[in-house]
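This is model_5.pdb (PDB, C-alpha atoms and all ligand atoms).
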ATOM      1  CA  MET A   1      -1.312 -13.092  -9.474
ATOM      2  CA  GLY A   2      -4.804 -13.223  -7.959
ATOM      3  CA  VAL A   3      -6.410 -14.452 -11.158
ATOM      4  CA  ARG A   4      -4.031 -16.515 -13.272
ATOM      5  CA  GLN A   5      -5.029 -16.703 -16.884
ATOM      6  CA  PRO A   6      -3.556 -19.478 -18.984
ATOM      7  CA  VAL A   7      -1.228 -17.895 -21.535
ATOM      8  CA  TRP A   8      -1.729 -20.480 -24.262
ATOM      9  CA  PHE A   9      -1.404 -18.012 -27.118
ATOM     10  CA  ASP A  10       1.650 -16.020 -28.139
ATOM     11  CA  PRO A  11       1.024 -12.920 -26.033
ATOM     12  CA  MET A  12       3.203 -10.556 -28.062
ATOM     13  CA  GLU A  13       1.220 -11.385 -31.184
ATOM     14  CA  ASN A  14      -2.307 -11.557 -29.920
ATOM     15  CA  LEU A  15      -2.827  -9.751 -26.639
ATOM     16  CA  SER A  16      -4.670  -6.486 -27.276
ATOM     17  CA  ALA A  17      -5.531  -5.315 -23.751
ATOM     18  CA  VAL A  18      -4.798  -6.080 -20.113
ATOM     19  CA  GLN A  19      -6.627  -4.616 -17.159
ATOM     20  CA  ILE A  20      -5.262  -4.990 -13.647
ATOM     21  CA  ARG A  21      -6.313  -3.768 -10.212
ATOM     22  CA  VAL A  22      -3.927  -3.047  -7.305
ATOM     23  CA  PRO A  23      -5.032  -2.174  -3.757
ATOM     24  CA  ALA A  24      -3.828   0.678  -1.546
ATOM     25  CA  SER A  25      -1.936  -0.397   1.561
ATOM     26  CA  SER A  26      -1.155   0.857   5.026
ATOM     27  CA  ALA A  27       2.323  -0.015   6.284
ATOM     28  CA  ASN A  28       3.885  -0.243   9.769
ATOM     29  CA  LEU A  29       0.563  -0.344  11.710
ATOM     30  CA  GLY A  30       2.340   1.120  14.731
ATOM     31  CA  PRO A  31       5.315  -1.006  15.829
ATOM     32  CA  GLY A  32       5.822  -3.011  12.601
ATOM     33  CA  PHE A  33       8.128  -0.505  10.902
ATOM     34  CA  ASP A  34       9.110  -1.733   7.399
ATOM     35  CA  ALA A  35       7.569  -5.142   8.269
ATOM     36  CA  LEU A  36       3.753  -4.999   8.384
ATOM     37  CA  GLY A  37       1.351  -4.026   5.624
ATOM     38  CA  LEU A  38      -2.411  -4.187   5.246
ATOM     39  CA  ALA A  39      -4.108  -4.068   1.843
ATOM     40  CA  LEU A  40      -7.149  -1.774   1.722
ATOM     41  CA  GLY A  41     -10.183  -1.655  -0.528
ATOM     42  CA  LEU A  42      -9.152   1.455  -2.430
ATOM     43  CA  TYR A  43      -7.743   0.814  -5.883
ATOM     44  CA  LEU A  44      -5.471   1.759  -8.732
ATOM     45  CA  ARG A  45      -6.795   0.299 -12.004
ATOM     46  CA  CYS A  46      -4.745   0.276 -15.174
ATOM     47  CA  THR A  47      -5.677  -0.783 -18.663
ATOM     48  CA  LEU A  48      -2.958  -1.268 -21.252
ATOM     49  CA  ARG A  49      -3.862  -1.434 -24.941
ATOM     50  CA  ARG A  50      -1.862  -1.827 -28.089
ATOM     51  CA  SER A  51      -1.515   1.523 -29.836
ATOM     52  CA  ASP A  52      -0.466   2.310 -33.402
ATOM     53  CA  ALA A  53      -0.100   5.976 -32.520
ATOM     54  CA  GLY A  54       2.858   5.696 -30.118
ATOM     55  CA  LEU A  55       2.852   6.054 -26.332
ATOM     56  CA  LYS A  56      -0.286   7.577 -24.863
ATOM     57  CA  VAL A  57      -1.284   7.883 -21.183
ATOM     58  CA  ILE A  58      -4.612   9.084 -19.838
ATOM     59  CA  SER A  59      -5.684   9.230 -16.217
ATOM     60  CA  CYS A  60      -8.987   9.721 -14.443
ATOM     61  CA  GLY A  61     -10.435   9.324 -10.965
ATOM     62  CA  THR A  62      -9.295  11.250  -7.905
ATOM     63  CA  TYR A  63      -5.749  12.572  -7.406
ATOM     64  CA  THR A  64      -4.919  12.295 -11.098
ATOM     65  CA  SER A  65      -3.687  15.807 -11.859
ATOM     66  CA  GLU A  66      -0.317  14.980 -10.263
ATOM     67  CA  ILE A  67       0.180  11.760 -12.232
ATOM     68  CA  PRO A  68       2.646  12.375 -15.101
ATOM     69  CA  THR A  69       1.423  11.258 -18.500
ATOM     70  CA  ASP A  70       4.830  10.944 -20.173
ATOM     71  CA  SER A  71       7.498   8.267 -19.877
ATOM     72  CA  SER A  72       8.458   9.566 -16.403
ATOM     73  CA  ASN A  73       5.246   7.915 -15.136
ATOM     74  CA  LEU A  74       6.162   5.350 -12.449
ATOM     75  CA  ILE A  75       3.796   2.702 -13.860
ATOM     76  CA  LEU A  76       5.440   2.987 -17.282
ATOM     77  CA  ARG A  77       8.935   3.045 -15.821
ATOM     78  CA  THR A  78       8.395  -0.211 -13.956
ATOM     79  CA  PHE A  79       6.477  -1.701 -16.906
ATOM     80  CA  SER A  80       9.505  -1.164 -19.132
ATOM     81  CA  ARG A  81      11.825  -2.868 -16.593
ATOM     82  CA  TRP A  82      10.145  -6.161 -17.396
ATOM     83  CA  ALA A  83       8.600  -5.564 -20.827
ATOM     84  CA  GLY A  84      11.560  -3.667 -22.344
ATOM     85  CA  GLU A  85      11.985   0.026 -23.250
ATOM     86  CA  GLN A  86      10.840  -0.496 -26.830
ATOM     87  CA  SER A  87       7.455  -1.784 -25.622
ATOM     88  CA  LEU A  88       6.586   1.786 -24.582
ATOM     89  CA  ASP A  89       6.402   2.877 -28.228
ATOM     90  CA  SER A  90       3.241   0.949 -28.896
ATOM     91  CA  VAL A  91       1.050   1.152 -25.804
ATOM     92  CA  HIS A  92      -1.878   3.163 -24.581
ATOM     93  CA  LEU A  93      -2.171   3.228 -20.768
ATOM     94  CA  ALA A  94      -5.418   4.272 -19.076
ATOM     95  CA  ILE A  95      -5.113   4.910 -15.327
ATOM     96  CA  HIS A  96      -8.048   5.074 -12.958
ATOM     97  CA  ASN A  97      -6.782   5.974  -9.508
ATOM     98  CA  GLU A  98      -8.589   6.146  -6.160
ATOM     99  CA  ILE A  99      -5.467   6.161  -3.943
ATOM    100  CA  PRO A 100      -4.453   9.533  -2.474
ATOM    101  CA  LEU A 101      -0.847  10.359  -3.463
ATOM    102  CA  GLY A 102       1.824  11.129  -0.875
ATOM    103  CA  ARG A 103      -0.475  10.407   2.077
ATOM    104  CA  GLY A 104       0.962   7.120   3.376
ATOM    105  CA  LEU A 105      -1.408   4.818   1.492
ATOM    106  CA  GLY A 106       1.048   2.988  -0.686
ATOM    107  CA  SER A 107       0.357   4.903  -3.906
ATOM    108  CA  SER A 108       3.915   4.453  -5.181
ATOM    109  CA  ALA A 109       3.938   0.759  -4.210
ATOM    110  CA  ALA A 110       0.647   0.322  -6.116
ATOM    111  CA  ALA A 111       2.114   2.069  -9.180
ATOM    112  CA  ILE A 112       5.259  -0.097  -9.107
ATOM    113  CA  VAL A 113       3.256  -3.311  -8.681
ATOM    114  CA  ALA A 114       0.885  -2.183 -11.451
ATOM    115  CA  GLY A 115       3.732  -1.604 -13.917
ATOM    116  CA  LEU A 116       5.319  -4.980 -13.227
ATOM    117  CA  ALA A 117       1.994  -6.853 -13.231
ATOM    118  CA  LEU A 118       1.025  -5.277 -16.566
ATOM    119  CA  ALA A 119       4.396  -6.257 -18.042
ATOM    120  CA  ASN A 120       4.007  -9.782 -16.681
ATOM    121  CA  GLU A 121       0.763 -10.255 -18.608
ATOM    122  CA  TRP A 122       1.668  -8.152 -21.642
ATOM    123  CA  ALA A 123       4.900  -9.982 -22.327
ATOM    124  CA  GLY A 124       3.603 -13.380 -21.126
ATOM    125  CA  LEU A 125       6.418 -13.662 -18.574
ATOM    126  CA  GLU A 126       4.557 -15.862 -16.092
ATOM    127  CA  ARG A 127       6.534 -14.469 -13.152
ATOM    128  CA  SER A 128       5.292 -15.536  -9.720
ATOM    129  CA  ARG A 129       3.941 -13.364  -6.898
ATOM    130  CA  GLU A 130       7.261 -13.781  -5.094
ATOM    131  CA  GLU A 131       9.195 -12.502  -8.115
ATOM    132  CA  LEU A 132       6.778  -9.590  -8.363
ATOM    133  CA  ILE A 133       7.253  -8.721  -4.670
ATOM    134  CA  GLN A 134      11.029  -8.968  -5.037
ATOM    135  CA  ALA A 135      11.231  -6.765  -8.130
ATOM    136  CA  ALA A 136       8.822  -4.221  -6.631
ATOM    137  CA  THR A 137      10.807  -4.121  -3.372
ATOM    138  CA  ASP A 138      14.025  -3.561  -5.323
ATOM    139  CA  VAL A 139      12.423  -0.419  -6.763
ATOM    140  CA  GLU A 140      10.589   0.767  -3.609
ATOM    141  CA  GLY A 141      13.420   0.017  -1.155
ATOM    142  CA  HIS A 142      11.313  -1.660   1.554
ATOM    143  CA  PRO A 143       8.866  -4.566   1.241
ATOM    144  CA  ASP A 144       5.905  -3.724   3.505
ATOM    145  CA  ASN A 145       3.606  -1.856   1.084
ATOM    146  CA  VAL A 146       4.463  -3.846  -2.037
ATOM    147  CA  ALA A 147       4.033  -7.227  -0.312
ATOM    148  CA  ALA A 148       0.552  -6.187   0.893
ATOM    149  CA  ALA A 149      -0.353  -4.768  -2.531
ATOM    150  CA  VAL A 150       0.639  -8.024  -4.230
ATOM    151  CA  ARG A 151      -0.717 -10.551  -1.713
ATOM    152  CA  GLY A 152      -3.711  -8.694  -0.204
ATOM    153  CA  GLY A 153      -4.730  -8.962   3.452
ATOM    154  CA  LEU A 154      -2.411  -8.516   6.409
ATOM    155  CA  VAL A 155       1.163  -9.289   5.390
ATOM    156  CA  VAL A 156       4.390  -9.529   7.313
ATOM    157  CA  SER A 157       7.593  -9.276   5.337
ATOM    158  CA  CYS A 158      11.332  -9.095   5.882
ATOM    159  CA  GLN A 159      14.502  -8.880   3.841
ATOM    160  CA  ARG A 160      17.319 -11.357   4.313
ATOM    161  CA  ASP A 161      20.945 -10.222   4.419
ATOM    162  CA  ASP A 162      21.142 -10.783   0.648
ATOM    163  CA  GLN A 163      18.033  -8.550   0.230
ATOM    164  CA  ARG A 164      15.744 -11.442  -0.742
ATOM    165  CA  VAL A 165      12.234 -10.786   0.535
ATOM    166  CA  ILE A 166      10.277 -13.282   2.612
ATOM    167  CA  SER A 167       6.592 -12.486   3.114
ATOM    168  CA  THR A 168       3.551 -14.248   4.471
ATOM    169  CA  ASN A 169      -0.127 -13.562   5.166
ATOM    170  CA  CYS A 170      -1.413 -13.408   8.742
ATOM    171  CA  SER A 171      -4.960 -13.555  10.074
ATOM    172  CA  ILE A 172      -6.996 -10.483  10.725
ATOM    173  CA  ALA A 173     -10.306 -10.662  12.601
ATOM    174  CA  PRO A 174     -13.113  -9.916  10.101
ATOM    175  CA  GLU A 175     -15.142  -7.927  12.626
ATOM    176  CA  LEU A 176     -12.495  -5.202  12.960
ATOM    177  CA  GLN A 177     -13.711  -1.883  11.576
ATOM    178  CA  ILE A 178     -11.131   0.276   9.839
ATOM    179  CA  VAL A 179     -11.228   4.027   9.507
ATOM    180  CA  LEU A 180      -8.679   5.992   7.584
ATOM    181  CA  VAL A 181      -8.202   9.702   8.162
ATOM    182  CA  VAL A 182      -6.441  11.562   5.360
ATOM    183  CA  PRO A 183      -5.254  15.118   6.105
ATOM    184  CA  GLU A 184      -4.997  17.504   3.196
ATOM    185  CA  CYS A 185      -1.191  17.859   3.403
ATOM    186  CA  ARG A 186       1.335  15.638   1.619
ATOM    187  CA  LEU A 187       4.457  14.135   3.161
ATOM    188  CA  SER A 188       7.068  12.440   1.011
ATOM    189  CA  THR A 189       8.329   9.084   2.261
ATOM    190  CA  GLU A 190      11.850  10.387   1.645
ATOM    191  CA  ALA A 191      11.338  13.319   4.039
ATOM    192  CA  ALA A 192       9.577  11.114   6.589
ATOM    193  CA  ARG A 193      12.461   8.596   6.499
ATOM    194  CA  ALA A 194      15.051  11.370   6.735
ATOM    195  CA  ALA A 195      13.450  12.402  10.056
ATOM    196  CA  LEU A 196      14.386   9.054  11.650
ATOM    197  CA  PRO A 197      17.539   8.513  13.710
ATOM    198  CA  ALA A 198      20.352   6.344  12.368
ATOM    199  CA  ALA A 199      20.409   4.158  15.513
ATOM    200  CA  TYR A 200      18.107   3.239  18.397
ATOM    201  CA  SER A 201      18.600   2.282  22.020
ATOM    202  CA  ARG A 202      18.145  -1.324  23.118
ATOM    203  CA  ARG A 203      15.184  -0.166  25.227
ATOM    204  CA  ASP A 204      13.367   1.205  22.178
ATOM    205  CA  ALA A 205      14.200  -1.822  20.026
ATOM    206  CA  VAL A 206      12.867  -4.179  22.696
ATOM    207  CA  PHE A 207       9.784  -1.977  23.150
ATOM    208  CA  ASN A 208       8.898  -2.415  19.466
ATOM    209  CA  VAL A 209       9.730  -6.123  19.240
ATOM    210  CA  GLN A 210       7.396  -6.808  22.172
ATOM    211  CA  ARG A 211       4.544  -4.816  20.723
ATOM    212  CA  ALA A 212       4.894  -6.047  17.133
ATOM    213  CA  ALA A 213       4.673  -9.626  18.412
ATOM    214  CA  LEU A 214       1.655  -8.765  20.566
ATOM    215  CA  LEU A 215      -0.025  -6.979  17.672
ATOM    216  CA  MET A 216      -0.128 -10.128  15.545
ATOM    217  CA  GLN A 217      -2.259 -11.821  18.199
ATOM    218  CA  ALA A 218      -4.385  -8.674  18.603
ATOM    219  CA  PHE A 219      -5.145  -8.752  14.861
ATOM    220  CA  ARG A 220      -5.898 -12.465  14.940
ATOM    221  CA  ASP A 221      -8.613 -12.239  17.587
ATOM    222  CA  GLY A 222      -9.477  -8.509  17.659
ATOM    223  CA  SER A 223      -8.590  -8.455  21.351
ATOM    224  CA  ARG A 224      -9.385  -5.123  22.993
ATOM    225  CA  GLU A 225      -7.053  -5.897  25.914
ATOM    226  CA  LEU A 226      -4.028  -6.248  23.619
ATOM    227  CA  PHE A 227      -4.661  -3.598  20.996
ATOM    228  CA  ALA A 228      -4.036  -0.295  22.772
ATOM    229  CA  GLU A 229      -0.614  -1.335  24.032
ATOM    230  CA  ALA A 230       0.293  -3.388  20.956
ATOM    231  CA  MET A 231      -0.001  -0.453  18.529
ATOM    232  CA  ARG A 232       2.500   1.736  20.371
ATOM    233  CA  ASP A 233       5.770   2.487  18.621
ATOM    234  CA  ARG A 234       9.110   4.098  19.385
ATOM    235  CA  LEU A 235      10.913   3.658  16.082
ATOM    236  CA  HIS A 236       9.193   6.105  13.748
ATOM    237  CA  GLN A 237       6.023   7.770  15.028
ATOM    238  CA  PRO A 238       7.650   9.967  17.719
ATOM    239  CA  TYR A 239      10.003  11.442  15.095
ATOM    240  CA  ARG A 240       7.417  11.838  12.364
ATOM    241  CA  ALA A 241       4.873  13.436  14.711
ATOM    242  CA  LYS A 242       6.922  16.642  14.497
ATOM    243  CA  LEU A 243       6.171  16.786  10.759
ATOM    244  CA  ILE A 244       2.419  16.207  11.123
ATOM    245  CA  PRO A 245       0.448  18.841  13.041
ATOM    246  CA  GLY A 246      -2.228  17.125  15.146
ATOM    247  CA  PHE A 247      -0.760  13.612  15.129
ATOM    248  CA  ASP A 248       0.463  13.873  18.737
ATOM    249  CA  GLU A 249      -3.155  14.503  19.783
ATOM    250  CA  VAL A 250      -4.274  11.402  17.834
ATOM    251  CA  LEU A 251      -1.841   9.324  19.883
ATOM    252  CA  GLN A 252      -3.340  10.760  23.093
ATOM    253  CA  LEU A 253      -6.814   9.444  22.161
ATOM    254  CA  THR A 254      -7.141   6.739  24.767
ATOM    255  CA  ASN A 255     -10.454   5.687  26.304
ATOM    256  CA  VAL A 256     -12.489   6.635  23.227
ATOM    257  CA  PRO A 257     -15.378   4.129  23.227
ATOM    258  CA  GLY A 258     -15.008   1.707  20.315
ATOM    259  CA  LEU A 259     -11.400   2.673  19.444
ATOM    260  CA  LEU A 260      -8.926  -0.201  19.693
ATOM    261  CA  GLY A 261      -5.827   1.539  18.424
ATOM    262  CA  ALA A 262      -4.527   4.091  15.913
ATOM    263  CA  ALA A 263      -1.256   4.536  14.064
ATOM    264  CA  LEU A 264       0.369   6.561  11.353
ATOM    265  CA  SER A 265      -0.408   4.944   7.995
ATOM    266  CA  GLY A 266       2.979   4.185   6.452
ATOM    267  CA  ALA A 267       5.142   7.280   6.568
ATOM    268  CA  GLY A 268       2.026   9.434   7.110
ATOM    269  CA  PRO A 269       0.423  11.881   7.241
ATOM    270  CA  SER A 270      -2.740   9.690   7.174
ATOM    271  CA  VAL A 271      -3.881   7.804  10.247
ATOM    272  CA  ILE A 272      -5.344   4.294  10.301
ATOM    273  CA  ALA A 273      -7.558   3.333  13.247
ATOM    274  CA  PHE A 274      -9.003  -0.047  14.188
ATOM    275  CA  CYS A 275     -12.357  -0.019  15.975
ATOM    276  CA  GLU A 276     -14.773  -2.482  17.497
ATOM    277  CA  ALA A 277     -17.685  -0.001  17.077
ATOM    278  CA  ARG A 278     -18.467   3.649  16.255
ATOM    279  CA  ALA A 279     -15.871   3.848  13.463
ATOM    280  CA  GLU A 280     -17.585   6.817  11.827
ATOM    281  CA  GLU A 281     -17.580   8.921  15.013
ATOM    282  CA  ILE A 282     -13.990   7.901  15.711
ATOM    283  CA  GLY A 283     -13.021   9.061  12.214
ATOM    284  CA  ASP A 284     -14.546  12.460  12.995
ATOM    285  CA  ILE A 285     -12.697  12.668  16.312
ATOM    286  CA  ILE A 286      -9.358  11.915  14.629
ATOM    287  CA  ALA A 287     -10.085  14.355  11.794
ATOM    288  CA  GLY A 288     -10.830  16.938  14.534
ATOM    289  CA  CYS A 289      -7.253  16.557  15.855
ATOM    290  CA  PHE A 290      -5.929  17.699  12.451
ATOM    291  CA  ARG A 291      -8.576  20.391  12.013
ATOM    292  CA  LYS A 292      -7.569  21.974  15.325
ATOM    293  CA  HIS A 293      -4.232  22.660  13.647
ATOM    294  CA  GLY A 294      -5.823  24.176  10.563
ATOM    295  CA  LEU A 295      -5.469  21.041   8.453
ATOM    296  CA  ASN A 296      -8.598  19.808   6.757
ATOM    297  CA  ALA A 297      -8.946  16.018   6.948
ATOM    298  CA  GLU A 298     -11.290  13.460   5.447
ATOM    299  CA  ALA A 299     -12.309  10.250   7.240
ATOM    300  CA  ARG A 300     -13.420   7.151   5.356
ATOM    301  CA  LEU A 301     -14.384   3.662   6.389
ATOM    302  CA  LEU A 302     -12.506   0.991   4.468
ATOM    303  CA  LYS A 303     -12.496  -2.760   4.160
ATOM    304  CA  VAL A 304      -9.466  -5.027   3.998
ATOM    305  CA  ASP A 305      -8.662  -6.124   0.439
ATOM    306  CA  HIS A 306      -7.968  -9.864   0.494
ATOM    307  CA  GLN A 307      -7.088 -10.361  -3.168
ATOM    308  CA  GLY A 308      -4.050  -8.209  -3.767
ATOM    309  CA  VAL A 309      -3.147  -7.469  -7.366
ATOM    310  CA  ILE A 310      -5.491  -9.154  -9.842
ATOM    311  CA  VAL A 311      -5.874  -9.300 -13.565
ATOM    312  CA  GLU A 312      -9.426  -8.099 -14.155
ATOM    313  CA  ARG A 313      -9.472  -8.626 -17.905
ATOM    314  CA  LEU A 314      -7.341  -9.962 -20.710
ATOM    315  CA  ALA A 315      -8.433  -9.325 -24.281
ATOM    316  CA  ARG A 316      -7.068 -10.994 -27.347
ATOM    317  CA  VAL A 317      -7.216  -9.838 -30.933
ATOM    318  CA  GLU A 318      -9.961 -11.775 -32.731
ATOM    319  CA  ALA A 319      -8.533 -14.050 -35.391
TER     320      ALA A 319
HETATM  321  N1  LIG B 401       7.733   1.459   6.079
HETATM  322  C1  LIG B 401       7.774   2.641   5.253
HETATM  323  C2  LIG B 401       8.101   3.840   6.131
HETATM  324  C3  LIG B 401       6.439   2.819   4.599
HETATM  325  O1  LIG B 401       7.493   3.963   7.171
HETATM  326  O2  LIG B 401       8.962   4.638   5.751
HETATM  327  C4  LIG B 401       6.340   4.065   3.764
HETATM  328  O3  LIG B 401       6.416   3.798   2.429
END
Let me see the file written as structure tokens.
Amino acid sequence: MGVRQPVWFDPMENLSAVQIRVPASSANLGPGFDALGLALGLYLRCTLRRSDAGLKVISCGTYTSEIPTDSSNLILRTFSRWAGEQSLDSVHLAIHNEIPLGRGLGSSAAAIVAGLALANEWAGLERSREELIQAATDVEGHPDNVAAAVRGGLVVSCQRDDQRVISTNCSIAPELQIVLVVPECRLSTEAARAALPAAYSRRDAVFNVQRAALLMQAFRDGSRELFAEAMRDRLHQPYRAKLIPGFDEVLQLTNVPGLLGAALSGAGPSVIAFCEARAEEIGDIIAGCFRKHGLNAEARLLKVDHQGVIVERLARVEA
């Protein structure tokens, strides 16, 4: 985890509270379908306390009305995978969420990572980042968002034939400006994955391999020459565009001064754009593509999160 605390005490006896922070993430980034993820400075914070009054969940922040407060809550469900079902009887979970739900910003990956990271500290398991990524991927089904949420930064990940996840951080030029445009509609990852074909032509596979490889260099040096071509994709965006009014127009935005490239964020409907200047204006232009179709959209400038999941606070019962 980002901040490792020495667990020198018996955690089950003495730990009274754990607070963790997990970043949002944007997956795919154009051609890197199910492989690339970027952690963003927008957070899910969870505090777990010992409770004598049975399970209690409270949530605050934006997008909280849709978060269940019973044991169907995804954070609690993944917490109990590692901490045990019975642990749910004596905890109080406070959720502070800034990550829009169902918009392609890794909200479910953040919830899964949060549950496992809380359990790791609560039960003193001392599981590694790799074990956390693996367990979270087993729940989520693909590694891109969870690997970015755990490691922070720009992360490339893959699954071996036996489903083991391999992931690593890659460089991203610090001067890149990032704008995220979030339309007001929701799109479930399940529906967005169901829209994809079962097989692709060799031409399309080669198209994406070439651009995903190019994109890694574009991120490393922020190269304007590489970006526009490197963010093109033929594996998911053309199919998902049909589900997202206005997204086709976003893809047509070439020659906008300052814009390096734009892509669907994860399964959508949000768009992530990388800019060398004028990020605010570019956000408005992209939001305008959605608004033309009657969809309100909000643009926000974001920074890369380089820490991934961290333990912000551990509290012990005073002796
Ligand atoms: N790689 C995933 C997809 C990310 O595009 O379906 C969404 O969770």
Practice item. Fewer than 4 positions away in the same chain doesn't count, so skip those; otherwise give me all residues within 8 Å of Glu140 (chain A), counting all atoms listed in the file, as a list in words. Key: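 Contacts, with the query itself left out: Ser108, Ala109, Ile112, Ala136 and Val146 of chain A.
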Restricting the output to C-alpha atoms, write the selected residues as an mmCIF file, in the coordinates of the input.
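again.cif was written with the following content:
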data_model
loop_
_atom_site.group_PDB
_atom_site.id
_atom_site.type_symbol
_atom_site.label_atom_id
_atom_site.label_comp_id
_atom_site.auth_asym_id
_atom_site.auth_seq_id
_atom_site.Cartn_x
_atom_site.Cartn_y
_atom_site.Cartn_z
ATOM 1 C CA SER A 108 3.915 4.453 -5.181
ATOM 2 C CA ALA A 109 3.938 0.759 -4.210
ATOM 3 C CA ILE A 112 5.259 -0.097 -9.107
ATOM 4 C CA ALA A 136 8.822 -4.221 -6.631
ATOM 5 C CA VAL A 146 4.463 -3.846 -2.037
#
Result set, the PyMOL selection byres (((chain A and resi 21) around 10) and not hetatm) on current file, as a PDB file with C-alpha atoms, keeping the file's coordinate frame:
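Output file out.pdb is given in full below:
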ATOM      1  CA  GLY A   2      -4.804 -13.223  -7.959  1.00  0.00           C
ATOM      2  CA  GLN A  19      -6.627  -4.616 -17.159  1.00  0.00           C
ATOM      3  CA  ILE A  20      -5.262  -4.990 -13.647  1.00  0.00           C
ATOM      4  CA  VAL A  22      -3.927  -3.047  -7.305  1.00  0.00           C
ATOM      5  CA  PRO A  23      -5.032  -2.174  -3.757  1.00  0.00           C
ATOM      6  CA  LEU A  42      -9.152   1.455  -2.430  1.00  0.00           C
ATOM      7  CA  TYR A  43      -7.743   0.814  -5.883  1.00  0.00           C
ATOM      8  CA  LEU A  44      -5.471   1.759  -8.732  1.00  0.00           C
ATOM      9  CA  ARG A  45      -6.795   0.299 -12.004  1.00  0.00           C
ATOM     10  CA  CYS A  46      -4.745   0.276 -15.174  1.00  0.00           C
ATOM     11  CA  THR A  47      -5.677  -0.783 -18.663  1.00  0.00           C
ATOM     12  CA  HIS A  96      -8.048   5.074 -12.958  1.00  0.00           C
ATOM     13  CA  ASN A  97      -6.782   5.974  -9.508  1.00  0.00           C
ATOM     14  CA  ALA A 110       0.647   0.322  -6.116  1.00  0.00           C
ATOM     15  CA  VAL A 113       3.256  -3.311  -8.681  1.00  0.00           C
ATOM     16  CA  ALA A 114       0.885  -2.183 -11.451  1.00  0.00           C
ATOM     17  CA  ALA A 117       1.994  -6.853 -13.231  1.00  0.00           C
ATOM     18  CA  LEU A 118       1.025  -5.277 -16.566  1.00  0.00           C
ATOM     19  CA  ALA A 149      -0.353  -4.768  -2.531  1.00  0.00           C
ATOM     20  CA  GLN A 307      -7.088 -10.361  -3.168  1.00  0.00           C
ATOM     21  CA  GLY A 308      -4.050  -8.209  -3.767  1.00  0.00           C
ATOM     22  CA  VAL A 309      -3.147  -7.469  -7.366  1.00  0.00           C
ATOM     23  CA  ILE A 310      -5.491  -9.154  -9.842  1.00  0.00           C
ATOM     24  CA  VAL A 311      -5.874  -9.300 -13.565  1.00  0.00           C
ATOM     25  CA  GLU A 312      -9.426  -8.099 -14.155  1.00  0.00           C
ATOM     26  CA  ARG A 313      -9.472  -8.626 -17.905  1.00  0.00           C
TER      27      ARG A 313
END
Using all atoms listed in the file for the distances, tell me which of A:Leu302, A:Leu226, A:Ile133, A:Leu196 is nearest to ligand LIG 401 (chain B).
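Looking only at the distances to ligand LIG 401 (chain B), the closest residue turns out to be A:Leu196.
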Could you please give me, as a short mmCIF file (atom, residue, chain, number, x, y, z; two decimals) with C-alpha atoms, in the frame of the given file, the residues of protein, DNA or RNA lying at most 8 Å from (-7.7, 9.2, -13.8) in the coordinate frame of the file, considering all atoms listed in the file?
data_model
loop_
_atom_site.label_atom_id
_atom_site.label_comp_id
_atom_site.auth_asym_id
_atom_site.auth_seq_id
_atom_site.Cartn_x
_atom_site.Cartn_y
_atom_site.Cartn_z
CA ILE A 58 -4.61 9.08 -19.84
CA SER A 59 -5.68 9.23 -16.22
CA CYS A 60 -8.99 9.72 -14.44
CA GLY A 61 -10.44 9.32 -10.96
CA THR A 62 -9.30 11.25 -7.90
CA TYR A 63 -5.75 12.57 -7.41
CA THR A 64 -4.92 12.30 -11.10
CA SER A 65 -3.69 15.81 -11.86
CA ALA A 94 -5.42 4.27 -19.08
CA ILE A 95 -5.11 4.91 -15.33
CA HIS A 96 -8.05 5.07 -12.96
CA ASN A 97 -6.78 5.97 -9.51
#
What does the PyMOL selection byres (((chain A and resi 151) around 12) and not hetatm) select in this file, as a PyMOL selection string?
chain A and resi 1-3+22-25+37-40+110+113+128-133+143-150+152-157+167-170+304-310
Item checked: Selection result for the PyMOL selection byres (((chain A and resi 74) around 10) and not hetatm) on this file, as a list of chain:residue names ->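 Given this file, the PyMOL selection byres (((chain A and resi 74) around 10) and not hetatm) evaluates to A:Ile67, A:Pro68, A:Thr69, A:Asp70, A:Ser71, A:Ser72, A:Asn73, A:Ile75, A:Leu76, A:Arg77, A:Thr78, A:Phe79, A:Ser80, A:Ser108, A:Ala109, A:Ala110, A:Ala111, A:Ile112, A:Val113, A:Ala114, A:Gly115.
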(message) My list of candidates is A:Leu36, A:Ala273, A:Val139, A:Ala17. Which is closest to ligand LIG 401 (chain B) when distances are computed with all atoms listed in the file?
(response)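 Looking only at the distances to ligand LIG 401 (chain B), the closest residue turns out to be A:Leu36.
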How would you report the residues lying within 8 Å of ligand LIG 401 (chain B), as a short mmCIF file (atom, residue, chain, number, x, y, z; two decimals) with C-alpha atoms, in the frame of the given file, if you count all atoms listed in the file?
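To be explicit, this is the file written out as out.cif:
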data_model
loop_
_atom_site.label_atom_id
_atom_site.label_comp_id
_atom_site.auth_asym_id
_atom_site.auth_seq_id
_atom_site.Cartn_x
_atom_site.Cartn_y
_atom_site.Cartn_z
CA SER A 26 -1.16 0.86 5.03
CA ALA A 27 2.32 -0.02 6.28
CA ASN A 28 3.88 -0.24 9.77
CA PHE A 33 8.13 -0.50 10.90
CA ASP A 34 9.11 -1.73 7.40
CA ALA A 35 7.57 -5.14 8.27
CA LEU A 36 3.75 -5.00 8.38
CA GLY A 104 0.96 7.12 3.38
CA LEU A 105 -1.41 4.82 1.49
CA GLY A 106 1.05 2.99 -0.69
CA ALA A 109 3.94 0.76 -4.21
CA GLU A 140 10.59 0.77 -3.61
CA HIS A 142 11.31 -1.66 1.55
CA PRO A 143 8.87 -4.57 1.24
CA ASP A 144 5.90 -3.72 3.50
CA ASN A 145 3.61 -1.86 1.08
CA THR A 189 8.33 9.08 2.26
CA GLU A 190 11.85 10.39 1.64
CA ALA A 192 9.58 11.11 6.59
CA ARG A 193 12.46 8.60 6.50
CA HIS A 236 9.19 6.10 13.75
CA SER A 265 -0.41 4.94 8.00
CA GLY A 266 2.98 4.18 6.45
CA ALA A 267 5.14 7.28 6.57
CA GLY A 268 2.03 9.43 7.11
#
